[in-house]
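Heads up: the structure comes next, in structure tokens.
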Amino acid sequence: MALIPLEEPTTKRIPPETFSLWALAFRPLYLLAAILAAVAIPVWAVAFSGGLELPIPGIWWHAHEMIFGFAVAVIIGFLLTAGRNWTGLDTPTDGLLAMLAALWLAGRLAMAFGSGAWVAVVDLAFLPIAAALMLRVLIKAKSKRNYFVGMLPVMLALANLLFHLAVLEVIAFDPLMAMHLALGLIIVLESVIGGRVIPMFTANAVRNIKQWRKAWVDWAAVILTGVALLLWAAAAGAWAAPVSIAAALAQALRVGGWNPWATRKTPLVWILHLSYMWIPTGLALIALAQLGVLPRTAGVHALAIGATGGLIIGMMTRTALGHTGRMLAAGPIETAAYVLVQLAAVTRVLTVVAIPAAVLAGVHAAATLWALGFALYLWRYTPFLLRARADGKAG
């Protein structure tokens, strides 16, 4: 007669209070990104008012730190975490992950307190190493579908190199053009990843939802957006406006087909739809800027705060909940953070578009709203990011 084994399961549960910051890439990089978001934007607002002098011209520092500090940390944290799921292979943890986070932090400190070639060297170190770590697992797993996503950090590293060479006057190049190229790359990434996950998350969250999706619309939206933003960043003149309008229409058709209205009672999903809608809005504002109707900053901030900031706060909450073994549901704190970031985008864009005399007040109001949104994230999620998964699993 067969005996029934009574031994304890071999899989050990990790105690919930275990320090787990280095268990997966999203943990330290989301935490550091949120701290930078809550601190750097108020610093920029003070500098914009003339109350603080930064090591390089303030607008350069502000644009650089939001792209290559804040956004890049979240992108790398997300990609290295998702890369493990895509490939089944391990991505950096423990000491290697701590080294990667230290490189990012060294870049932020160098940019905040120094200037010169050594700052460029320190700041440039993070992205190539992160790209190599990402591409290693994608290539090893032959995950060809994700090769473009894996190459994005390489392209961002090249844009960062252009920025530093321009700041150091090694090349005759506008540093802000490098920032616009980098922002364009990030928007294209958002279009690719957003097109994969937002309709899926929506279908999972809303029962019997009707969605309209066409592959040709997806391709047209992504390709037209990439071309439009490249022309815009390169100041290509006559072609930029019509291509931007075409891209805006394609993106609006795309997101409309995902049925965003059906998500209005589900904050964890509506934040992604609302944020994605800033992409066609930003493209339309860019077209108007190319036609001389609006200042260029209107489209920049629609894409940078509304789309990128909104998608980041949405994905930082969703992926942190999922990867720490918690229910995928946004409570009052998350919802408040979403609203604050979206209000920051509306405030910043609206003052540029409609109330130019209030631009200074708009900068301070938007900075306050943004900082409060990410402060709420830190309050709620720091314990989740520092401690083991709620379900006792590794990761």
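By order of appearance in the structure tokens: chains A, B, ..., then residues from 1 within every chain, and ligands from 1 in the order shown.
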- request: Write out as a ChimeraX atom specification the residues lying within 12 Å of A:Thr335, counting only C-alpha atoms and excluding same-chain residues fewer than 3 positions away.
  value: /A:264-271,310,313-314,317-318,329-332,338-342,373-374,376-377,380
Keeping only C-alpha atoms, take the residues you just selected and write them out as an mmCIF file, in the first residue's frame.
```
data_model
loop_
_atom_site.group_PDB
_atom_site.id
_atom_site.type_symbol
_atom_site.label_atom_id
_atom_site.label_comp_id
_atom_site.auth_asym_id
_atom_site.auth_seq_id
_atom_site.Cartn_x
_atom_site.Cartn_y
_atom_site.Cartn_z
ATOM 1 C CA ARG A 264 -13.991 54.709 -16.180
ATOM 2 C CA LYS A 265 -14.693 52.783 -12.952
ATOM 3 C CA THR A 266 -11.332 50.993 -12.938
ATOM 4 C CA PRO A 267 -8.533 53.440 -12.018
ATOM 5 C CA LEU A 268 -5.725 50.936 -12.599
ATOM 6 C CA VAL A 269 -6.784 50.786 -16.253
ATOM 7 C CA TRP A 270 -8.235 54.233 -16.989
ATOM 8 C CA ILE A 271 -4.947 55.855 -16.022
ATOM 9 C CA GLY A 310 0.970 59.239 -16.652
ATOM 10 C CA ILE A 313 2.768 56.201 -12.611
ATOM 11 C CA GLY A 314 0.163 53.770 -13.974
ATOM 12 C CA THR A 317 1.692 50.910 -9.503
ATOM 13 C CA ARG A 318 0.360 48.008 -11.574
ATOM 14 C CA ALA A 329 -6.530 47.049 -7.684
ATOM 15 C CA ALA A 330 -5.919 50.767 -7.236
ATOM 16 C CA GLY A 331 -7.133 52.228 -3.964
ATOM 17 C CA PRO A 332 -7.682 55.861 -2.960
ATOM 18 C CA TYR A 338 -3.045 59.373 -10.902
ATOM 19 C CA VAL A 339 -5.253 62.454 -10.669
ATOM 20 C CA LEU A 340 -2.397 64.648 -9.415
ATOM 21 C CA VAL A 341 -0.068 63.673 -12.274
ATOM 22 C CA GLN A 342 -2.807 64.249 -14.844
ATOM 23 C CA GLY A 373 1.602 62.486 -6.883
ATOM 24 C CA PHE A 374 4.977 60.757 -6.640
ATOM 25 C CA LEU A 376 1.973 59.460 -2.526
ATOM 26 C CA TYR A 377 3.542 56.657 -4.555
ATOM 27 C CA ARG A 380 2.315 53.688 -0.342
#
```
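Between A:Gly150 and the residues A:Trp239, A:Trp219, A:Trp86, A:Tyr276, the shortest atom-to-atom distance, using only C-alpha atoms, involves A:Trp86.
Distances from A:Ser20, A:Gly184, A:Leu274, A:Gln251 to A:Leu231 were compared using only C-alpha atoms, and the smallest one belongs to A:Gly184.
Residues in contact range of A:Ala228, defined as at most 7 Å between only C-alpha atoms, with sequence neighbours fewer than 3 positions away removed, read Leu224, Thr225, Leu231, Trp232, Ala240, Val243, Ser244 and Ala247 of chain A.
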task: Name all residues at most 9 Å from A:His323 (count only C-alpha atoms; drop same-chain ones fewer than 6 positions away) and give them as a PyMOL selection string.
output: chain A and resi 24+26+81+389+395
message: Quick one: residues within 12 Å of A:Leu360, only C-alpha atoms, excluding same-chain residues fewer than 3 positions away - as an MDAnalysis selection string?
response: chainID A and resid 44:50 347:348 351:352 355:357 363:367
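A straight line drawn from atom CA of A:Ala302 to atom CA of A:Leu350 is 9.7 Å long.
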field: Selected residue, from A:Ala375, A:Ala388, A:Ala203, A:Leu189, that lies nearest to A:Ile35 when counting only C-alpha atoms
entry: A:Ala375
message: Using only C-alpha atoms, which protein or nucleic acid residues come within 9 Å of stretch 100-109 of chain A? Drop anything in the same chain fewer than 6 positions from it, and give the result as a VMD selection string.
response: chain A and resid 25 28 to 29 32 36 65 69 73 92 119 to 127 129 to 130
task: Name the closest residue to A:Trp60 among the candidates A:Gly299, A:Gly292, A:Pro242, A:Pro175; distances are taken between atoms, counting only C-alpha atoms.
output: A:Pro175
message: Need to verify the contact set: A:Val149, 9 Å, only C-alpha atoms, exclusion of same-chain residues closer than 5 positions in sequence. Can you return it as number ranges by chain?
response: A: 79, 189, 192-193
- prompt: Could you work out how far atom CA of A:Ala298 lies from atom CA of A:Leu181, giving the answer in Å with one decimal?
  reply: 16.4 Å
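Of the residues listed (A:Arg84, A:Lys393, A:Lys12, A:Arg27), A:Arg84 shows the shortest atom-to-atom separation from A:Leu133; distances use only C-alpha atoms.
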message: If you run DSSP on the backbone here, which positions in stretch 84-200 of chain A get alpha helix (DSSP H)? Please write them as a PyMOL selection string.
response: chain A and resi 84-87+94-113+117-124+126-140+147-167+175-200
